[in-house]
>>> print(open('query07.json').read())   # JSON, C-alpha atoms
[["chain", "number", "residue", "atom", "x", "y", "z"],
["A", 23, "MET", "CA", -18.43, 7.45, 14.07],
["A", 24, "LYS", "CA", -21.59, 6.03, 12.43],
["A", 25, "THR", "CA", -20.47, 7.30, 9.01],
["A", 26, "ARG", "CA", -17.02, 5.77, 9.49],
["A", 27, "VAL", "CA", -18.50, 2.40, 10.43],
["A", 28, "ILE", "CA", -20.86, 2.36, 7.44],
["A", 29, "THR", "CA", -18.05, 3.35, 5.08],
["A", 30, "SER", "CA", -15.82, 0.64, 6.54],
["A", 31, "ALA", "CA", -18.55, -2.00, 6.13],
["A", 32, "VAL", "CA", -19.15, -1.05, 2.49],
["A", 33, "GLY", "CA", -15.39, -0.92, 1.92],
["A", 34, "LEU", "CA", -14.97, -4.45, 3.25],
["A", 35, "VAL", "CA", -17.66, -5.76, 0.91],
["A", 36, "VAL", "CA", -15.93, -4.12, -2.05],
["A", 37, "LEU", "CA", -12.56, -5.42, -0.84],
["A", 38, "PHE", "CA", -13.76, -9.03, -0.73],
["A", 39, "ALA", "CA", -15.35, -8.63, -4.15],
["A", 40, "VAL", "CA", -12.06, -7.42, -5.61],
["A", 41, "MET", "CA", -10.09, -10.15, -3.85],
["A", 42, "ALA", "CA", -12.41, -12.76, -5.32],
["A", 43, "LEU", "CA", -11.04, -11.66, -8.71],
["A", 44, "PHE", "CA", -7.40, -11.38, -7.66],
["A", 45, "ASP", "CA", -6.25, -14.05, -10.13],
["A", 46, "THR", "CA", -7.76, -12.18, -13.09],
["A", 47, "PHE", "CA", -6.98, -9.15, -15.22],
["A", 48, "VAL", "CA", -9.65, -7.25, -13.25],
["A", 49, "PHE", "CA", -7.45, -7.24, -10.14],
["A", 50, "ASN", "CA", -4.71, -5.35, -12.00],
["A", 51, "VAL", "CA", -7.27, -2.89, -13.36],
["A", 52, "VAL", "CA", -8.70, -2.14, -9.90],
["A", 53, "ILE", "CA", -5.25, -1.75, -8.30],
["A", 54, "ALA", "CA", -4.19, 0.54, -11.17],
["A", 55, "ALA", "CA", -7.34, 2.66, -10.74],
["A", 56, "ILE", "CA", -6.83, 2.99, -6.97],
["A", 57, "CYS", "CA", -3.18, 3.90, -7.53],
["A", 58, "LEU", "CA", -4.07, 6.59, -10.09],
["A", 59, "LEU", "CA", -6.71, 8.05, -7.77],
["A", 60, "ALA", "CA", -4.15, 8.21, -4.96],
["A", 61, "ILE", "CA", -1.61, 9.92, -7.24],
["A", 62, "HIS", "CA", -4.29, 12.40, -8.33],
["A", 63, "GLU", "CA", -4.95, 13.25, -4.68],
["A", 64, "VAL", "CA", -1.25, 13.98, -4.23],
["A", 65, "PHE", "CA", -1.29, 15.99, -7.47],
["A", 66, "LYS", "CA", -4.09, 18.16, -6.06],
["A", 67, "ALA", "CA", -2.44, 18.43, -2.65],
["A", 68, "PHE", "CA", 0.66, 19.93, -4.28],
["A", 69, "ARG", "CA", -1.64, 22.31, -6.20],
["A", 70, "PHE", "CA", -0.68, 21.34, -9.73],
["A", 71, "GLU", "CA", -4.27, 21.65, -11.04],
["A", 72, "LYS", "CA", -3.15, 24.22, -13.63],
["A", 73, "ALA", "CA", -0.51, 21.80, -14.90],
["A", 74, "ALA", "CA", -2.72, 18.82, -15.70],
["A", 75, "TYR", "CA", -0.15, 17.55, -18.20],
["A", 76, "ILE", "CA", 2.00, 16.52, -15.20],
["A", 77, "TYR", "CA", -0.68, 14.12, -13.98],
["A", 78, "TRP", "CA", -1.47, 12.82, -17.45],
["A", 79, "GLY", "CA", 2.19, 11.92, -17.81],
["A", 80, "PHE", "CA", 1.82, 9.71, -14.74],
["A", 81, "VAL", "CA", -1.19, 7.84, -16.13],
["A", 82, "PRO", "CA", 0.46, 5.72, -18.86],
["A", 83, "TYR", "CA", 3.56, 5.10, -16.76],
["A", 84, "THR", "CA", 1.50, 3.97, -13.75],
["A", 85, "LEU", "CA", -0.52, 1.64, -15.96],
["A", 86, "LEU", "CA", 2.68, 0.10, -17.30],
["A", 87, "VAL", "CA", 3.94, -0.48, -13.76],
["A", 88, "MET", "CA", 0.66, -2.06, -12.63],
["A", 89, "PHE", "CA", 0.56, -4.39, -15.63],
["A", 90, "SER", "CA", 4.26, -5.25, -15.61],
["A", 91, "ASP", "CA", 3.49, -8.80, -14.48],
["A", 92, "PHE", "CA", 2.88, -9.39, -18.20],
["A", 93, "HIS", "CA", 6.09, -10.16, -20.07],
["A", 94, "MET", "CA", 5.51, -7.81, -23.02],
["A", 95, "VAL", "CA", 4.84, -4.91, -20.66],
["A", 96, "ARG", "CA", 7.82, -5.76, -18.45],
["A", 97, "ILE", "CA", 10.32, -5.47, -21.31],
["A", 98, "CYS", "CA", 9.03, -1.94, -21.99],
["A", 99, "MET", "CA", 9.67, -0.69, -18.44],
["A", 100, "LEU", "CA", 13.26, 0.52, -18.90],
["A", 101, "PRO", "CA", 12.64, 2.66, -22.01],
["A", 102, "ALA", "CA", 9.30, 3.81, -20.55],
["A", 103, "SER", "CA", 11.01, 4.93, -17.33],
["A", 104, "TYR", "CA", 13.58, 6.87, -19.34],
["A", 105, "ILE", "CA", 10.89, 8.53, -21.49],
["A", 106, "PHE", "CA", 8.81, 9.42, -18.42],
["A", 107, "ALA", "CA", 11.80, 10.99, -16.63],
["A", 108, "LEU", "CA", 12.68, 12.92, -19.80],
["A", 109, "TYR", "CA", 9.07, 14.07, -20.10],
["A", 110, "LEU", "CA", 9.12, 15.53, -16.57],
["A", 111, "VAL", "CA", 12.44, 17.26, -17.28],
["A", 112, "LEU", "CA", 11.01, 18.82, -20.45],
["A", 113, "CYS", "CA", 7.93, 19.95, -18.47],
["A", 114, "VAL", "CA", 10.21, 21.80, -16.04],
["A", 115, "ILE", "CA", 12.28, 23.35, -18.85],
["A", 116, "GLY", "CA", 9.23, 24.43, -20.84],
["A", 117, "ASN", "CA", 7.35, 25.82, -17.83],
["A", 118, "SER", "CA", 10.18, 27.12, -15.63],
["A", 119, "LYS", "CA", 8.13, 30.11, -14.47],
["A", 120, "SER", "CA", 5.04, 28.16, -13.44],
["A", 121, "ILE", "CA", 6.43, 24.83, -12.19],
["A", 122, "ASN", "CA", 8.26, 24.80, -8.88],
["A", 123, "TYR", "CA", 10.93, 22.12, -9.19],
["A", 124, "ALA", "CA", 10.98, 21.47, -5.42],
["A", 125, "LYS", "CA", 7.21, 20.91, -5.35],
["A", 126, "LEU", "CA", 7.38, 18.72, -8.43],
["A", 127, "GLY", "CA", 10.16, 16.69, -6.84],
["A", 128, "GLY", "CA", 8.01, 16.18, -3.75],
["A", 129, "MET", "CA", 5.05, 15.10, -5.82],
["A", 130, "VAL", "CA", 7.14, 12.68, -7.89],
["A", 131, "LEU", "CA", 8.70, 11.16, -4.75],
["A", 132, "PHE", "CA", 5.32, 10.64, -3.10],
["A", 133, "SER", "CA", 3.80, 9.27, -6.31],
["A", 134, "CYS", "CA", 6.65, 6.79, -6.77],
["A", 135, "ILE", "CA", 6.19, 5.59, -3.19],
["A", 136, "ILE", "CA", 2.49, 5.07, -3.96],
["A", 137, "MET", "CA", 3.30, 3.11, -7.13],
["A", 138, "PHE", "CA", 5.84, 1.00, -5.23],
["A", 139, "CYS", "CA", 3.21, 0.25, -2.60],
["A", 140, "PHE", "CA", 0.45, -0.86, -4.96],
["A", 141, "TYR", "CA", 2.82, -2.69, -7.28],
["A", 142, "SER", "CA", 3.81, -4.84, -4.28],
["A", 143, "LEU", "CA", 0.32, -6.34, -4.38],
["A", 144, "ILE", "CA", 0.66, -7.09, -8.09],
["A", 145, "TYR", "CA", 4.12, -8.52, -7.44],
["A", 146, "LEU", "CA", 2.76, -11.01, -4.89],
["A", 147, "LYS", "CA", 0.20, -12.17, -7.44],
["A", 148, "GLN", "CA", 3.00, -12.68, -9.96],
["A", 149, "LEU", "CA", 5.38, -14.36, -7.49],
["A", 150, "LEU", "CA", 2.83, -16.84, -6.18],
["A", 151, "PRO", "CA", 0.52, -17.85, -9.06],
["A", 152, "ARG", "CA", -2.67, -19.57, -7.92],
["A", 153, "ALA", "CA", -2.12, -22.54, -10.21],
["A", 154, "THR", "CA", 1.00, -23.46, -8.23],
["A", 155, "TYR", "CA", 0.57, -21.92, -4.78],
["A", 156, "GLY", "CA", -3.18, -21.77, -4.34],
["A", 157, "TYR", "CA", -4.29, -18.66, -2.49],
["A", 158, "ASP", "CA", -0.92, -17.84, -0.85],
["A", 159, "ALA", "CA", -0.75, -14.45, -2.61],
["A", 160, "LEU", "CA", -4.24, -13.59, -1.37],
["A", 161, "TYR", "CA", -3.26, -14.60, 2.16],
["A", 162, "PHE", "CA", -0.25, -12.25, 2.13],
["A", 163, "ILE", "CA", -2.32, -9.40, 0.72],
["A", 164, "PHE", "CA", -4.85, -9.82, 3.52],
["A", 165, "LEU", "CA", -1.94, -10.00, 5.96],
["A", 166, "ILE", "CA", -0.62, -6.65, 4.65],
["A", 167, "LEU", "CA", -4.01, -4.96, 4.93],
["A", 168, "GLY", "CA", -4.55, -6.53, 8.33],
["A", 169, "PHE", "CA", -1.23, -5.23, 9.64],
["A", 170, "ALA", "CA", -1.99, -1.74, 8.33],
["A", 171, "TRP", "CA", -5.71, -1.29, 8.96],
["A", 172, "GLY", "CA", -5.91, -3.56, 11.99],
["A", 173, "GLY", "CA", -3.05, -1.61, 13.52],
["A", 174, "ASP", "CA", -4.83, 1.67, 12.70],
["A", 175, "SER", "CA", -8.03, 0.57, 14.42],
["A", 176, "ALA", "CA", -6.25, -0.87, 17.46],
["A", 177, "ALA", "CA", -4.15, 2.31, 17.75],
["A", 178, "TYR", "CA", -7.29, 4.46, 17.58],
["A", 179, "PHE", "CA", -9.09, 2.64, 20.38],
["A", 180, "ALA", "CA", -5.97, 2.17, 22.52],
["A", 181, "GLY", "CA", -5.15, 5.85, 22.12],
["A", 182, "ARG", "CA", -8.64, 6.90, 23.17],
["A", 183, "ALA", "CA", -8.60, 4.58, 26.19],
["A", 184, "PHE", "CA", -5.03, 4.98, 27.44],
["A", 185, "GLY", "CA", -3.37, 7.76, 25.42],
["A", 186, "LYS", "CA", -1.42, 10.27, 27.51],
["A", 187, "HIS", "CA", 1.97, 10.76, 25.86],
["A", 188, "LYS", "CA", 2.12, 12.38, 22.44],
["A", 189, "LEU", "CA", 3.92, 10.41, 19.75],
["A", 190, "ALA", "CA", 4.61, 13.22, 17.26],
["A", 191, "PRO", "CA", 2.86, 16.37, 18.52],
["A", 192, "VAL", "CA", 4.01, 18.62, 15.68],
["A", 193, "VAL", "CA", 3.14, 16.22, 12.87],
["A", 194, "SER", "CA", 0.05, 14.49, 14.27],
["A", 195, "PRO", "CA", -1.13, 15.85, 17.64],
["A", 196, "ASN", "CA", -3.77, 13.16, 18.18],
["A", 197, "LYS", "CA", -1.39, 10.21, 18.00],
["A", 198, "THR", "CA", -0.03, 8.85, 21.28],
["A", 199, "ILE", "CA", 2.70, 6.41, 22.27],
["A", 200, "GLU", "CA", 0.10, 4.26, 24.02],
["A", 201, "GLY", "CA", -1.97, 4.19, 20.85],
["A", 202, "ALA", "CA", 1.08, 3.17, 18.82],
["A", 203, "VAL", "CA", 1.80, 0.31, 21.23],
["A", 204, "GLY", "CA", -1.83, -0.79, 20.98],
["A", 205, "GLY", "CA", -1.58, -0.63, 17.20],
["A", 206, "VAL", "CA", 1.50, -2.86, 17.14],
["A", 207, "MET", "CA", -0.18, -5.40, 19.41],
["A", 208, "GLY", "CA", -3.33, -5.28, 17.31],
["A", 209, "SER", "CA", -1.36, -5.97, 14.12],
["A", 210, "MET", "CA", 0.39, -8.91, 15.74],
["A", 211, "LEU", "CA", -2.90, -10.39, 16.94],
["A", 212, "LEU", "CA", -4.68, -9.92, 13.62],
["A", 213, "GLY", "CA", -1.73, -11.51, 11.81],
["A", 214, "VAL", "CA", -2.11, -14.60, 13.98],
["A", 215, "VAL", "CA", -5.89, -14.70, 13.38],
["A", 216, "VAL", "CA", -5.51, -14.36, 9.58],
["A", 217, "THR", "CA", -2.83, -17.07, 9.58],
["A", 218, "ALA", "CA", -4.92, -19.42, 11.71],
["A", 219, "CYS", "CA", -7.87, -18.98, 9.34],
["A", 220, "TYR", "CA", -5.70, -19.59, 6.30],
["A", 221, "THR", "CA", -4.14, -22.65, 7.92],
["A", 222, "ALA", "CA", -7.59, -24.09, 8.55],
["A", 223, "LEU", "CA", -8.70, -23.40, 4.96],
["A", 224, "HIS", "CA", -5.57, -24.23, 2.97],
["A", 225, "GLY", "CA", -2.96, -25.87, 5.21],
["A", 226, "GLN", "CA", 0.23, -24.93, 3.37],
["A", 227, "LEU", "CA", 2.36, -21.93, 2.43],
["A", 228, "VAL", "CA", 4.68, -21.55, -0.59],
["A", 229, "GLY", "CA", 4.33, -25.29, -1.07],
["A", 230, "VAL", "CA", 5.29, -26.17, 2.52],
["A", 231, "PRO", "CA", 2.66, -27.65, 4.91],
["A", 232, "LEU", "CA", 2.07, -25.21, 7.76],
["A", 233, "ASP", "CA", 2.02, -28.17, 10.16],
["A", 234, "THR", "CA", 5.69, -28.68, 9.27],
["A", 235, "LEU", "CA", 6.50, -25.07, 10.13],
["A", 236, "GLY", "CA", 4.55, -25.29, 13.40],
["A", 237, "TRP", "CA", 4.55, -22.56, 16.03],
["A", 238, "ARG", "CA", 7.74, -21.04, 14.61],
["A", 239, "TYR", "CA", 5.81, -19.64, 11.71],
["A", 240, "TYR", "CA", 3.42, -17.88, 14.08],
["A", 241, "VAL", "CA", 6.45, -16.28, 15.76],
["A", 242, "VAL", "CA", 7.51, -15.03, 12.32],
["A", 243, "VAL", "CA", 4.01, -13.65, 11.69],
["A", 244, "VAL", "CA", 4.02, -11.86, 15.07],
["A", 245, "LEU", "CA", 7.41, -10.29, 14.33],
["A", 246, "LEU", "CA", 6.27, -9.41, 10.81],
["A", 247, "GLY", "CA", 3.15, -7.81, 12.26],
["A", 248, "GLY", "CA", 5.21, -5.77, 14.71],
["A", 249, "PHE", "CA", 7.54, -4.41, 12.05],
["A", 250, "GLY", "CA", 4.66, -3.97, 9.60],
["A", 251, "SER", "CA", 2.71, -1.95, 12.15],
["A", 252, "LEU", "CA", 5.69, 0.30, 12.87],
["A", 253, "LEU", "CA", 6.11, 0.91, 9.14],
["A", 254, "GLY", "CA", 2.39, 1.67, 9.01],
["A", 255, "ILE", "CA", 2.94, 4.39, 11.59],
["A", 256, "VAL", "CA", 5.83, 5.75, 9.50],
["A", 257, "GLY", "CA", 3.57, 5.90, 6.43],
["A", 258, "ASP", "CA", 0.81, 7.57, 8.44],
["A", 259, "LEU", "CA", 3.18, 10.22, 9.81],
["A", 260, "PHE", "CA", 4.76, 10.78, 6.38],
["A", 261, "ALA", "CA", 1.35, 11.41, 4.83],
["A", 262, "SER", "CA", 0.47, 13.72, 7.74],
["A", 263, "VAL", "CA", 3.65, 15.76, 7.17],
["A", 264, "ILE", "CA", 2.71, 16.26, 3.52],
["A", 265, "LYS", "CA", -0.84, 17.28, 4.46],
["A", 266, "ARG", "CA", 0.41, 19.85, 6.94],
["A", 267, "GLN", "CA", 2.94, 21.29, 4.53],
["A", 268, "CYS", "CA", 0.32, 21.45, 1.78],
["A", 269, "GLY", "CA", -2.24, 22.99, 4.14],
["A", 270, "ILE", "CA", -4.99, 20.38, 3.73],
["A", 271, "LYS", "CA", -6.99, 18.35, 6.23],
["A", 272, "ASP", "CA", -7.69, 15.28, 4.07],
["A", 273, "TYR", "CA", -6.44, 14.07, 0.70],
["A", 274, "GLY", "CA", -9.98, 13.62, -0.61],
["A", 275, "THR", "CA", -13.60, 12.77, 0.18],
["A", 276, "ILE", "CA", -14.10, 9.46, -1.62],
["A", 277, "PHE", "CA", -14.54, 7.63, 1.71],
["A", 278, "PRO", "CA", -17.10, 9.50, 3.88],
["A", 279, "GLY", "CA", -15.78, 9.83, 7.41],
["A", 280, "HIS", "CA", -12.31, 8.65, 6.39],
["A", 281, "GLY", "CA", -11.17, 11.06, 3.67],
["A", 282, "GLY", "CA", -9.44, 10.11, 0.46],
["A", 283, "ILE", "CA", -7.56, 7.09, -0.87],
["A", 284, "MET", "CA", -4.33, 8.27, 0.76],
["A", 285, "ASP", "CA", -6.07, 8.87, 4.09],
["A", 286, "ARG", "CA", -7.02, 5.18, 4.07],
["A", 287, "PHE", "CA", -3.90, 3.71, 2.48],
["A", 288, "ASP", "CA", -1.17, 5.82, 4.12],
["A", 289, "SER", "CA", -0.40, 3.04, 6.59],
["A", 290, "VAL", "CA", -0.04, 0.57, 3.71],
["A", 291, "LEU", "CA", 2.64, 2.64, 1.91],
["A", 292, "PHE", "CA", 5.69, 1.01, 3.47],
["A", 293, "THR", "CA", 4.05, -2.09, 4.94],
["A", 294, "ALA", "CA", 3.17, -3.64, 1.57],
["A", 295, "PRO", "CA", 6.68, -3.45, 0.05],
["A", 296, "PHE", "CA", 8.23, -4.70, 3.31],
["A", 297, "VAL", "CA", 5.99, -7.76, 3.50],
["A", 298, "ALA", "CA", 6.49, -8.44, -0.22],
["A", 299, "MET", "CA", 10.27, -8.40, 0.23],
["A", 300, "VAL", "CA", 10.10, -10.73, 3.24],
["A", 301, "VAL", "CA", 7.80, -13.09, 1.33],
["A", 302, "THR", "CA", 10.28, -13.09, -1.57],
["A", 303, "ALA", "CA", 13.09, -14.08, 0.78],
["A", 304, "VAL", "CA", 10.96, -16.84, 2.34],
["A", 305, "PHE", "CA", 9.77, -18.00, -1.07],
["A", 306, "TYR", "CA", 13.27, -18.42, -2.43],
["A", 307, "TYR", "CA", 14.44, -20.03, 0.81],
["A", 308, "PHE", "CA", 11.79, -22.74, 0.66],
["A", 309, "THR", "CA", 11.88, -23.30, -3.11],
["A", 310, "LYS", "CA", 15.59, -23.05, -3.95]]
>>> encode(input="query07.json", output="structure tokens")
Amino acid sequence: MKTRVITSAVGLVVLFAVMALFDTFVFNVVIAAICLLAIHEVFKAFRFEKAAYIYWGFVPYTLLVMFSDFHMVRICMLPASYIFALYLVLCVIGNSKSINYAKLGGMVLFSCIIMFCFYSLIYLKQLLPRATYGYDALYFIFLILGFAWGGDSAAYFAGRAFGKHKLAPVVSPNKTIEGAVGGVMGSMLLGVVVTACYTALHGQLVGVPLDTLGWRYYVVVVLLGGFGSLLGIVGDLFASVIKRQCGIKDYGTIFPGHGGIMDRFDSVLFTAPFVAMVVTAVFYYFTK
């Protein structure tokens, strides 16, 4: 527990340092690096170490995705996607005896989900530029991480205190229904706290004063937190299924006491895209 707490404290310091640079090129670089590390963990989990060319094919494509908020990069995405898909096909054809297509398909699916997740953070930065919308993008990113990690922590403590009924005994024996309920409530509460802090500091959202939105917006945040937490559980269970099928305990060791990148970001996998899509809908509603 002590190691986990220390790692979490250091992680929070690094997180705030990165967020302080969210409106710069550095933010894209850090997100791209984290994404590539996560994909490498999946690459190792599926035991493709002897086929390093598979991973190196992901590197340039992932970088293009993470920097696609720049116009010149964005116009390259369609041909780059075609070339990347063709590259993987040629890898299978040229190494039909050593590459298992089913395993490769699983790795590609998981890796694309990871890219989709981390690109959602870049997308929010692009959708809500600081020059126009202040720190709205940063607020939503903290909201995403709060829903995911706050829900994780609340689920852990609620499960230890009240857990009796297994949630998914085959996939993740330690998770309980009571813990999941506690996680959902924790995400809702943290969403309200983050929103209250942002309201006090900034006072408006996508150009609309939060005073105008009133308590209704907090209801939206609570509902968003509930759905976001449930999607966090889905991501957690999905990552657990892959670990069990690959025969590993953790995806890595980069975070002492926590595991790898994917052990820490599994609950963000589906939460980040969901929140980004909701924000897009709200953004266009208020600015049309």
>>> closest_residue(input="query07.json", among="A:Leu43, A:Ile53, A:Val290, A:Cys219", to="A:Val256", atoms="all atoms listed in the file")
A:Val290
>>> atom_distance(input="query07.json", atom1="atom CA of A:Ser133", atom2="atom CA of A:Gly248")
25.9 Å
>>> atom_distance(input="query07.json", atom1="atom CA of A:Thr154", atom2="atom CA of A:Phe44")
14.7 Å
>>> residues_near_point(input="query07.json", point="(-17.3, 2.4, 1.8)", cutoff="12 Å", atoms="all atoms listed in the file", output="MDAnalysis selection string")
chainID A and resid 25:37 275:283 286
>>> closest_residue(input="query07.json", among="A:Leu223, A:Ile144, A:Met99, A:Cys134", to="A:Thr46", atoms="all atoms listed in the file")
A:Ile144
>>> axis_aligned_box(input="query07.json", around="stretch 168-178 of chain A", padding_each_side="4 Å", output="lines of an AutoDock Vina configuration file")
center_x = -4.6
center_y = -1.0
center_z = 13.0
size_x = 14.8
size_y = 19.0
size_z = 17.4
>>> residues_around(input="query07.json", residues="A:Met284", least_positions_apart="2", cutoff="9 Å", atoms="only C-alpha atoms", output="ChimeraX atom specification")
/A:59-61,63-64,136,261,272-274,281-282,286-289
>>> write_last_selection(input="query07.json", atoms="C-alpha atoms", output="mmCIF file, keeping the file's coordinate frame")
data_model
loop_
_atom_site.group_PDB
_atom_site.id
_atom_site.type_symbol
_atom_site.label_atom_id
_atom_site.label_comp_id
_atom_site.auth_asym_id
_atom_site.auth_seq_id
_atom_site.Cartn_x
_atom_site.Cartn_y
_atom_site.Cartn_z
ATOM 1 C CA LEU A 59 -6.710 8.050 -7.770
ATOM 2 C CA ALA A 60 -4.150 8.210 -4.960
ATOM 3 C CA ILE A 61 -1.610 9.920 -7.240
ATOM 4 C CA GLU A 63 -4.950 13.250 -4.680
ATOM 5 C CA VAL A 64 -1.250 13.980 -4.230
ATOM 6 C CA ILE A 136 2.490 5.070 -3.960
ATOM 7 C CA ALA A 261 1.350 11.410 4.830
ATOM 8 C CA ASP A 272 -7.690 15.280 4.070
ATOM 9 C CA TYR A 273 -6.440 14.070 0.700
ATOM 10 C CA GLY A 274 -9.980 13.620 -0.610
ATOM 11 C CA GLY A 281 -11.170 11.060 3.670
ATOM 12 C CA GLY A 282 -9.440 10.110 0.460
ATOM 13 C CA ARG A 286 -7.020 5.180 4.070
ATOM 14 C CA PHE A 287 -3.900 3.710 2.480
ATOM 15 C CA ASP A 288 -1.170 5.820 4.120
ATOM 16 C CA SER A 289 -0.400 3.040 6.590
#
>>> closest_residue(input="query07.json", among="A:Gly79, A:Gly250, A:Gly128, A:Gly172", to="A:Cys268", atoms="all atoms listed in the file")
A:Gly128
>>> residues_around(input="query07.json", residues="A:Val215", least_positions_apart="6", cutoff="12 Å", atoms="all atoms listed in the file", output="list in words")
Tyr161, Phe164, Leu165, Gly168, Phe169, Gly172, Gly208, Ser209, Thr221, Ala222, Tyr240, Val243, Val244 and Gly247 of chain A
>>> atom_distance(input="query07.json", atom1="atom CA of A:Lys119", atom2="atom CA of A:Lys265")
24.6 Å
>>> residues_around(input="query07.json", residues="A:Phe70", least_positions_apart="5", cutoff="12 Å", atoms="all atoms listed in the file", output="list of chain:residue names")
A:Ile61, A:His62, A:Glu63, A:Val64, A:Phe65, A:Tyr75, A:Ile76, A:Tyr77, A:Trp78, A:Ser120, A:Ile121, A:Asn122, A:Tyr123, A:Lys125, A:Leu126, A:Gly128, A:Met129, A:Val130, A:Cys268
>>> residues_around(input="query07.json", residues="A:Leu253", least_positions_apart="2", cutoff="12 Å", atoms="only C-alpha atoms", output="JSON, numbers by chain")
{"A": [166, 169, 170, 173, 174, 202, 205, 206, 209, 246, 247, 248, 249, 250, 251, 255, 256, 257, 258, 259, 260, 288, 289, 290, 291, 292, 293, 294, 295, 296, 297]}
>>> closest_residue(input="query07.json", among="A:Val300, A:Val263, A:Met210, A:Ile56", to="A:Trp171", atoms="all atoms listed in the file")
A:Met210
>>> residues_around(input="query07.json", residues="A:Tyr141", least_positions_apart="5", cutoff="10 Å", atoms="only C-alpha atoms", output="list in words")
Asn50, Ile53, Ala54, Cys57, Thr84, Val87, Met88, Phe89, Ser90, Asp91, Ile135, Ile136, Leu146, Lys147, Ala294, Pro295 and Ala298 of chain A
>>> write_last_selection(input="query07.json", atoms="C-alpha atoms", output="JSON list (two decimals), in the frame of the given file")
[["chain", "number", "residue", "atom", "x", "y", "z"],
["A", 50, "ASN", "CA", -4.71, -5.35, -12.00],
["A", 53, "ILE", "CA", -5.25, -1.75, -8.30],
["A", 54, "ALA", "CA", -4.19, 0.54, -11.17],
["A", 57, "CYS", "CA", -3.18, 3.90, -7.53],
["A", 84, "THR", "CA", 1.50, 3.97, -13.75],
["A", 87, "VAL", "CA", 3.94, -0.48, -13.76],
["A", 88, "MET", "CA", 0.66, -2.06, -12.63],
["A", 89, "PHE", "CA", 0.56, -4.39, -15.63],
["A", 90, "SER", "CA", 4.26, -5.25, -15.61],
["A", 91, "ASP", "CA", 3.49, -8.80, -14.48],
["A", 135, "ILE", "CA", 6.19, 5.59, -3.19],
["A", 136, "ILE", "CA", 2.49, 5.07, -3.96],
["A", 146, "LEU", "CA", 2.76, -11.01, -4.89],
["A", 147, "LYS", "CA", 0.20, -12.17, -7.44],
["A", 294, "ALA", "CA", 3.17, -3.64, 1.57],
["A", 295, "PRO", "CA", 6.68, -3.45, 0.05],
["A", 298, "ALA", "CA", 6.49, -8.44, -0.22]]
